[in-house]
$ cat start_22.txt   # compact mmCIF, C-alpha atoms
# COMPACT_ATOMS: atom_id res chain seq x y z
CA MET Y 1 68.63 73.49 22.04
CA GLU Y 2 68.77 70.44 19.81
CA PHE Y 3 65.09 70.93 19.06
CA ILE Y 4 65.63 74.46 17.73
CA PHE Y 5 68.42 73.23 15.48
CA GLU Y 6 66.22 70.48 14.11
CA LEU Y 7 63.46 72.99 13.54
CA LEU Y 8 65.84 75.18 11.53
CA ILE Y 9 67.03 72.24 9.42
CA ALA Y 10 63.46 71.06 8.84
CA PHE Y 11 62.50 74.58 7.74
CA PHE Y 12 65.18 74.64 5.03
CA LEU Y 13 64.23 71.12 3.88
CA ILE Y 14 60.60 72.15 3.54
CA VAL Y 15 61.52 75.32 1.64
CA SER Y 16 63.61 73.26 -0.75
CA GLY Y 17 60.85 70.69 -1.17
CA VAL Y 18 58.20 73.32 -1.89
CA PHE Y 19 60.29 75.16 -4.48
CA GLY Y 20 61.41 71.90 -6.08
CA PHE Y 21 57.75 70.94 -6.40
CA VAL Y 22 56.75 74.32 -7.85
CA GLY Y 23 59.59 74.06 -10.37
CA SER Y 24 58.43 70.63 -11.54
CA PHE Y 25 54.77 71.69 -11.54
CA GLY Y 26 55.74 74.63 -13.74
CA MET Y 27 57.05 72.21 -16.36
CA ILE Y 28 53.52 70.75 -16.66
CA LYS Y 29 51.52 73.94 -16.34
CA LEU Y 30 53.42 76.31 -18.61
CA LYS Y 31 52.55 75.69 -22.20
CA ASP Y 32 55.18 77.27 -24.43
CA PRO Y 33 58.72 75.85 -24.53
CA MET Y 34 60.49 79.11 -23.65
CA SER Y 35 58.40 79.58 -20.50
CA ARG Y 36 59.08 75.97 -19.53
CA LEU Y 37 62.76 76.76 -19.49
CA HIS Y 38 62.12 79.04 -16.51
CA ALA Y 39 60.95 76.17 -14.29
CA PRO Y 40 64.23 74.16 -14.08
CA THR Y 41 66.38 77.28 -13.53
CA LYS Y 42 64.15 77.93 -10.52
CA ALA Y 43 64.42 74.51 -8.93
CA THR Y 44 68.21 74.74 -9.00
CA THR Y 45 68.35 78.02 -7.10
CA LEU Y 46 66.12 77.90 -4.02
CA GLY Y 47 65.21 74.22 -4.33
CA VAL Y 48 68.76 72.94 -4.29
CA GLY Y 49 69.99 75.88 -2.18
CA GLY Y 50 67.60 74.98 0.64
CA VAL Y 51 68.69 71.36 0.85
CA LEU Y 52 72.36 72.38 0.78
CA LEU Y 53 71.85 74.89 3.61
CA ALA Y 54 70.05 72.20 5.62
CA SER Y 55 72.98 69.85 5.03
CA ILE Y 56 75.54 72.43 6.16
CA PHE Y 57 73.55 73.21 9.32
CA HIS Y 58 73.09 69.52 10.06
CA SER Y 59 76.79 68.77 9.93
CA ILE Y 60 77.74 71.84 12.00
CA LEU Y 61 74.98 71.81 14.62
CA ILE Y 62 74.15 68.13 15.05
CA GLU Y 63 77.29 66.25 14.01
CA GLN Y 64 79.58 69.03 15.29
CA ARG Y 65 81.95 69.01 12.36
CA LEU Y 66 82.52 71.48 9.59
CA SER Y 67 81.37 70.39 6.14
CA MET Y 68 81.75 72.79 3.26
CA HIS Y 69 81.29 70.38 0.35
CA GLU Y 70 77.90 71.93 -0.22
CA LEU Y 71 79.36 75.31 -1.16
CA LEU Y 72 81.10 73.60 -4.06
CA ILE Y 73 77.82 72.13 -5.31
CA THR Y 74 76.37 75.65 -5.30
CA LEU Y 75 79.40 76.96 -7.18
CA PHE Y 76 79.24 74.23 -9.83
CA LEU Y 77 75.47 74.68 -10.23
CA PHE Y 78 75.86 78.42 -10.73
CA LEU Y 79 78.47 77.72 -13.39
CA THR Y 80 76.62 74.99 -15.30
CA ALA Y 81 72.89 75.84 -15.05
CA PRO Y 82 73.03 79.09 -17.11
CA ILE Y 83 75.01 77.33 -19.85
CA THR Y 84 72.48 74.50 -20.17
CA ALA Y 85 69.65 77.04 -20.28
CA LEU Y 86 71.49 79.10 -22.90
CA PHE Y 87 71.97 76.05 -25.14
CA ILE Y 88 68.31 75.05 -24.93
CA ALA Y 89 67.28 78.65 -25.65
CA LYS Y 90 69.63 78.88 -28.64
CA TRP Y 91 68.27 75.61 -29.99
CA HIS Y 92 64.75 77.02 -29.70
CA ILE Y 93 65.70 80.25 -31.50
CA HIS Y 94 67.52 78.26 -34.17
CA ARG Y 95 64.57 76.01 -34.97
CA HIS Y 96 61.46 77.99 -34.09
CA GLU Y 97 62.05 81.75 -34.16
CA ALA Y 98 62.43 83.91 -37.27
CA PRO Y 99 64.54 87.08 -36.99
CA GLU Y 100 61.34 89.15 -37.40
CA ASP Y 101 59.74 87.58 -34.29
CA LEU Y 102 62.50 88.66 -31.94
CA PRO Y 103 63.02 92.20 -30.66
CA ASP Y 104 65.44 94.52 -32.35
CA ALA Y 105 69.11 93.57 -31.93
CA GLY Y 106 70.21 97.20 -31.94
CA GLU Y 107 73.27 98.20 -33.94
CA ASP Y 108 74.19 94.59 -34.80
CA LYS Y 109 70.88 93.95 -36.67
CA LEU Y 110 70.88 90.17 -36.06
CA TRP Y 111 71.08 87.86 -33.05
CA ALA Y 112 74.12 85.57 -33.02
CA THR Y 113 72.14 82.37 -33.68
CA HIS Y 114 70.59 83.83 -36.83
CA ALA Y 115 73.81 85.48 -37.93
CA VAL Y 116 75.49 82.06 -38.02
CA GLU Y 117 72.66 80.59 -40.05
CA GLN Y 118 73.19 83.13 -42.78
CA VAL Y 119 76.86 82.34 -43.17
CA GLU Y 120 76.70 78.58 -43.06
CA ASP Y 121 74.58 76.24 -45.08
CA VAL Y 122 72.45 74.60 -42.41
CA PRO Y 123 71.13 71.16 -43.44
CA ASP Y 124 67.37 70.82 -43.24
CA HIS Y 125 66.31 68.34 -40.53
CA SER Y 126 62.66 69.32 -40.41
CA ALA Y 127 61.62 66.33 -42.60
CA ASN Y 128 62.29 63.74 -39.93
CA MET E 1 108.38 90.33 -6.64
CA LYS E 2 109.22 89.26 -10.16
CA LEU E 3 109.80 85.70 -9.01
CA LEU E 4 106.46 85.77 -7.23
CA ARG E 5 104.80 86.88 -10.48
CA ARG E 6 106.34 83.94 -12.31
CA ILE E 7 105.23 81.42 -9.73
CA PHE E 8 101.73 82.93 -9.47
CA PRO E 9 100.89 84.39 -12.90
CA HIS E 10 97.22 84.44 -11.91
CA PRO E 11 96.97 84.75 -8.11
CA HIS E 12 93.15 84.67 -8.05
CA LEU E 13 93.04 81.42 -10.01
CA SER E 14 95.72 79.89 -7.77
CA PHE E 15 93.73 80.86 -4.69
CA LEU E 16 90.47 79.53 -6.13
CA LEU E 17 92.00 76.21 -7.17
CA THR E 18 93.54 75.71 -3.74
CA LEU E 19 90.26 76.60 -2.05
CA VAL E 20 88.24 74.23 -4.25
CA TRP E 21 90.69 71.40 -3.58
CA VAL E 22 90.56 71.91 0.18
CA LEU E 23 86.76 72.03 0.04
CA LEU E 24 86.66 68.87 -2.08
CA ALA E 25 88.78 67.05 0.51
CA ASN E 26 86.20 68.30 3.06
CA ALA E 27 88.58 68.03 5.99
CA PRO E 28 91.02 70.87 6.56
CA SER E 29 94.47 69.27 6.79
CA LEU E 30 98.00 70.20 5.82
CA ASN E 31 97.97 67.35 3.35
CA SER E 32 95.12 68.71 1.22
CA LEU E 33 96.38 72.29 1.58
CA VAL E 34 99.81 71.40 0.17
CA PHE E 35 98.40 69.40 -2.70
CA GLY E 36 95.86 72.17 -3.44
CA LEU E 37 98.65 74.72 -3.48
CA LEU E 38 100.58 72.47 -5.86
CA LEU E 39 97.58 72.38 -8.22
CA GLY E 40 97.18 76.15 -7.78
CA ILE E 41 100.71 76.65 -9.04
CA ILE E 42 100.80 74.08 -11.85
CA ILE E 43 97.39 74.68 -13.49
CA PRO E 44 97.70 78.49 -13.96
CA PHE E 45 101.24 77.93 -15.23
CA ILE E 46 100.13 75.44 -17.90
CA THR E 47 96.98 77.32 -18.94
CA GLN E 48 98.71 80.70 -19.17
CA PRO E 49 98.47 80.91 -23.02
CA TYR E 50 94.66 80.61 -22.83
CA TRP E 51 94.03 83.87 -20.97
CA PRO E 52 96.22 86.49 -22.66
CA ASP E 53 94.19 89.50 -21.49
CA ARG E 54 92.48 88.40 -18.33
CA PRO E 55 90.19 90.93 -16.68
CA VAL E 56 91.31 92.82 -13.62
CA LEU E 57 88.81 93.12 -10.80
CA ARG E 58 88.94 96.77 -9.80
CA ASN E 59 86.50 97.05 -6.97
CA TRP E 60 86.46 94.29 -4.35
CA PRO E 61 83.82 95.78 -2.01
CA MET E 62 81.57 95.97 -5.06
CA VAL E 63 82.11 92.23 -5.72
CA VAL E 64 80.79 91.45 -2.25
CA GLU E 65 77.89 93.89 -2.69
CA TYR E 66 77.06 92.33 -6.06
CA MET E 67 76.93 88.82 -4.59
CA ILE E 68 74.64 89.93 -1.76
CA VAL E 69 72.33 91.78 -4.18
CA VAL E 70 72.14 88.73 -6.48
CA LEU E 71 71.47 86.27 -3.64
CA TRP E 72 68.73 88.52 -2.26
CA ASP E 73 67.18 88.92 -5.72
CA ILE E 74 67.21 85.14 -6.22
CA VAL E 75 65.17 84.62 -3.04
CA VAL E 76 62.68 87.40 -3.86
CA ALA E 77 62.31 86.38 -7.51
CA ASN E 78 61.81 82.72 -6.55
CA VAL E 79 58.77 83.65 -4.49
CA THR E 80 57.42 85.90 -7.25
CA VAL E 81 57.77 83.18 -9.87
CA ALA E 82 56.27 80.55 -7.58
CA ARG E 83 53.21 82.81 -7.22
CA ILE E 84 52.98 83.21 -11.00
CA ILE E 85 53.20 79.44 -11.58
CA LEU E 86 50.75 78.45 -8.84
CA PHE E 87 48.12 81.19 -8.92
CA LYS E 88 48.18 82.92 -12.29
CA ARG E 89 46.15 81.50 -15.14
CA ASP E 90 48.27 80.66 -18.15
CA ALA E 91 46.19 82.96 -20.35
CA ASP E 92 46.87 85.99 -18.13
CA ARG E 93 50.60 85.50 -18.23
CA GLN E 94 52.49 87.72 -20.64
CA PRO E 95 55.76 86.05 -21.67
CA ASN E 96 57.98 88.49 -23.48
CA TRP E 97 61.30 88.86 -25.25
CA ILE E 98 63.33 91.88 -24.29
CA SER E 99 66.49 93.24 -25.81
CA ILE E 100 69.06 94.81 -23.51
CA PRO E 101 71.61 97.12 -25.11
CA LEU E 102 74.91 96.43 -23.37
CA GLU E 103 77.39 98.99 -22.13
CA LEU E 104 79.73 96.23 -20.95
CA ARG E 105 82.44 95.22 -23.42
CA THR E 106 84.58 92.74 -21.46
CA PRO E 107 83.55 89.17 -22.42
CA GLU E 108 83.90 88.01 -18.80
CA ALA E 109 81.61 90.78 -17.54
CA ILE E 110 78.96 89.93 -20.16
CA THR E 111 79.21 86.24 -19.18
CA VAL E 112 78.61 87.10 -15.53
CA LEU E 113 75.67 89.34 -16.44
CA ALA E 114 74.09 86.64 -18.64
CA GLY E 115 74.60 84.02 -15.93
CA THR E 116 73.07 86.29 -13.30
CA ILE E 117 70.02 86.97 -15.46
CA THR E 118 69.46 83.23 -15.96
CA MET E 119 69.93 82.37 -12.27
CA THR E 120 67.45 85.01 -11.09
CA PRO E 121 64.18 83.19 -11.83
CA GLY E 122 61.73 84.83 -14.18
CA THR E 123 64.34 85.82 -16.72
CA VAL E 124 66.54 83.65 -18.95
CA SER E 125 69.26 85.12 -21.14
CA CYS E 126 68.92 83.51 -24.56
CA ASP E 127 71.27 85.02 -27.08
CA LEU E 128 73.81 87.71 -27.81
CA SER E 129 73.60 89.93 -30.85
CA ALA E 130 76.02 89.22 -33.70
CA GLN E 131 78.78 91.53 -32.42
CA GLY E 132 77.93 91.19 -28.73
CA HIS E 133 76.33 94.60 -28.23
CA CYS E 134 72.89 93.42 -27.10
CA LEU E 135 71.55 90.65 -24.89
CA LEU E 136 68.30 88.81 -25.67
CA VAL E 137 66.33 87.93 -22.54
CA HIS E 138 63.12 85.95 -22.18
CA CYS E 139 60.76 86.95 -19.37
CA LEU E 140 58.22 84.60 -17.82
CA ASP E 141 55.76 87.38 -17.06
CA ALA E 142 56.54 90.94 -18.08
CA PRO E 143 53.62 93.26 -18.76
CA ASP E 144 56.15 96.11 -18.92
CA PRO E 145 59.35 95.00 -20.73
CA GLY E 146 60.93 98.44 -20.34
CA ALA E 147 60.82 98.24 -16.55
CA VAL E 148 62.56 94.84 -16.53
CA ARG E 149 65.25 96.17 -18.83
CA ASP E 150 65.86 99.24 -16.68
CA GLN E 151 66.00 97.13 -13.54
CA ILE E 152 68.62 94.76 -14.99
CA LYS E 153 70.71 97.68 -16.23
CA GLN E 154 70.40 99.54 -12.96
CA ARG E 155 70.91 96.64 -10.53
CA TYR E 156 73.43 94.39 -12.28
CA GLU E 157 75.07 96.07 -15.23
CA ARG E 158 75.98 99.26 -13.39
CA ARG E 159 77.72 97.26 -10.64
CA LEU E 160 79.49 94.93 -13.09
CA LYS E 161 80.76 97.97 -14.97
CA GLU E 162 82.34 99.24 -11.79
CA ILE E 163 83.87 95.83 -11.08
CA PHE E 164 85.31 95.02 -14.49
CA GLU E 165 85.79 98.28 -16.41

$ encode --input "start_22.txt" --output "structure tokens"
Amino acid sequence: MEFIFELLIAFFLIVSGVFGFVGSFGMIKLKDPMSRLHAPTKATTLGVGGVLLASIFHSILIEQRLSMHELLITLFLFLTAPITALFIAKWHIHRHEAPEDLPDAGEDKLWATHAVEQVEDVPDHSAN
Amino acid sequence: MKLLRRIFPHPHLSFLLTLVWVLLANAPSLNSLVFGLLLGIIIPFITQPYWPDRPVLRNWPMVVEYMIVVLWDIVVANVTVARIILFKRDADRQPNWISIPLELRTPEAITVLAGTITMTPGTVSCDLSAQGHCLLVHCLDAPDPGAVRDQIKQRYERRLKEIFE
């Protein structure tokens, strides 16, 4: 029985390792900055999820005690990862995308990042 | 009932705080439960002015369904994106911006939608339009932007609308 448990845990560890690797490899292979942003959001979902599942199973099946810490890590990751990605994306739009390059913003005409630029006088940092 | 309302102005938040505390302690004991409950009472009480019109979750079965759908989509999309990264030549990939007109109006619902889009690999939500009526999404590989938009509206936004509005 122990062997089956270990097999299950090993499976989740391998899944997490493979997806973690693919996520990091994506950072090298993808060429444009916006596509690169996709790689880290990937590693945090299945990559981290796999290792957390393995940890939960290990504590329940092998050590025979309940450990639910891991669920909290998932919760915190799901809260923080989209915000980091959003900030990097907004930075990219702010510095590298003109309003004409982006798709139509519908009834509001402008995307929020560009709308702010129009109101405020943004200092020019491109010289350095 | 009124007294209960005053002690628990935000029952969901109280429950969540208690649960997080017990999980943090990582050993179910009366000790951590009591302290978690204490936090669950004090924190909502102090932060009350910051959520004047908090959203009401209308449809609990839908919340569960939404979580299952999102978790399933994360697994499927992870495999899809891994295939794109490993086997597709960079020149064949068609990264694309898409604009999603939103029917959701509650800020919390839009936040959940944007977070979901980012966590499902292959799409990252990048910006809101000036008044919050559209969502800008970047796709890793989308030969047909319209299909991606319809899928997001159909799978996530429709369910969130039933949950929040």

$ interface_residues --input "start_22.txt" --of "chain Y" --to "chain E" --cutoff "9 Å" --atoms "only C-alpha atoms" --output "PyMOL selection string"
chain Y and resi 19+22-23+25-26+29-31+34-39+41-46+66-72+78-79+81-83+85-90+93+102-116

$ atom_distance --input "start_22.txt" --atom1 "CA of Tyr50 (chain E)" --atom2 "CA of Thr18 (chain E)"
19.7 Å

$ residues_around --input "start_22.txt" --residues "His12 (chain E)" --least-positions-apart "2" --cutoff "12 Å" --atoms "only C-alpha atoms" --output "tab-separated table (two decimals) with C-alpha atoms, in the frame of the given file"
chain	number	residue	atom	x	y	z
E	8	PHE	CA	101.73	82.93	-9.47
E	9	PRO	CA	100.89	84.39	-12.90
E	10	HIS	CA	97.22	84.44	-11.91
E	14	SER	CA	95.72	79.89	-7.77
E	15	PHE	CA	93.73	80.86	-4.69
E	16	LEU	CA	90.47	79.53	-6.13
E	17	LEU	CA	92.00	76.21	-7.17
E	18	THR	CA	93.54	75.71	-3.74
E	19	LEU	CA	90.26	76.60	-2.05
E	40	GLY	CA	97.18	76.15	-7.78
E	41	ILE	CA	100.71	76.65	-9.04
E	44	PRO	CA	97.70	78.49	-13.96
E	54	ARG	CA	92.48	88.40	-18.33
E	55	PRO	CA	90.19	90.93	-16.68
E	56	VAL	CA	91.31	92.82	-13.62
E	57	LEU	CA	88.81	93.12	-10.80

$ atom_distance --input "start_22.txt" --atom1 "CA of Ala10 (chain Y)" --atom2 "CA of Gly50 (chain Y)"
10.0 Å

$ atom_distance --input "start_22.txt" --atom1 "CA of Ile9 (chain Y)" --atom2 "CA of Gly49 (chain Y)"
12.5 Å

$ closest_residue --input "start_22.txt" --among "Y:Gln64, Y:Met1, Y:Trp91, Y:Val15" --to "Val48 (chain Y)" --atoms "only C-alpha atoms"
Y:Val15

$ closest_residue --input "start_22.txt" --among "E:Phe87, E:Pro107, E:Arg155, E:Trp60" --to "Trp72 (chain E)" --atoms "all atoms listed in the file"
E:Arg155
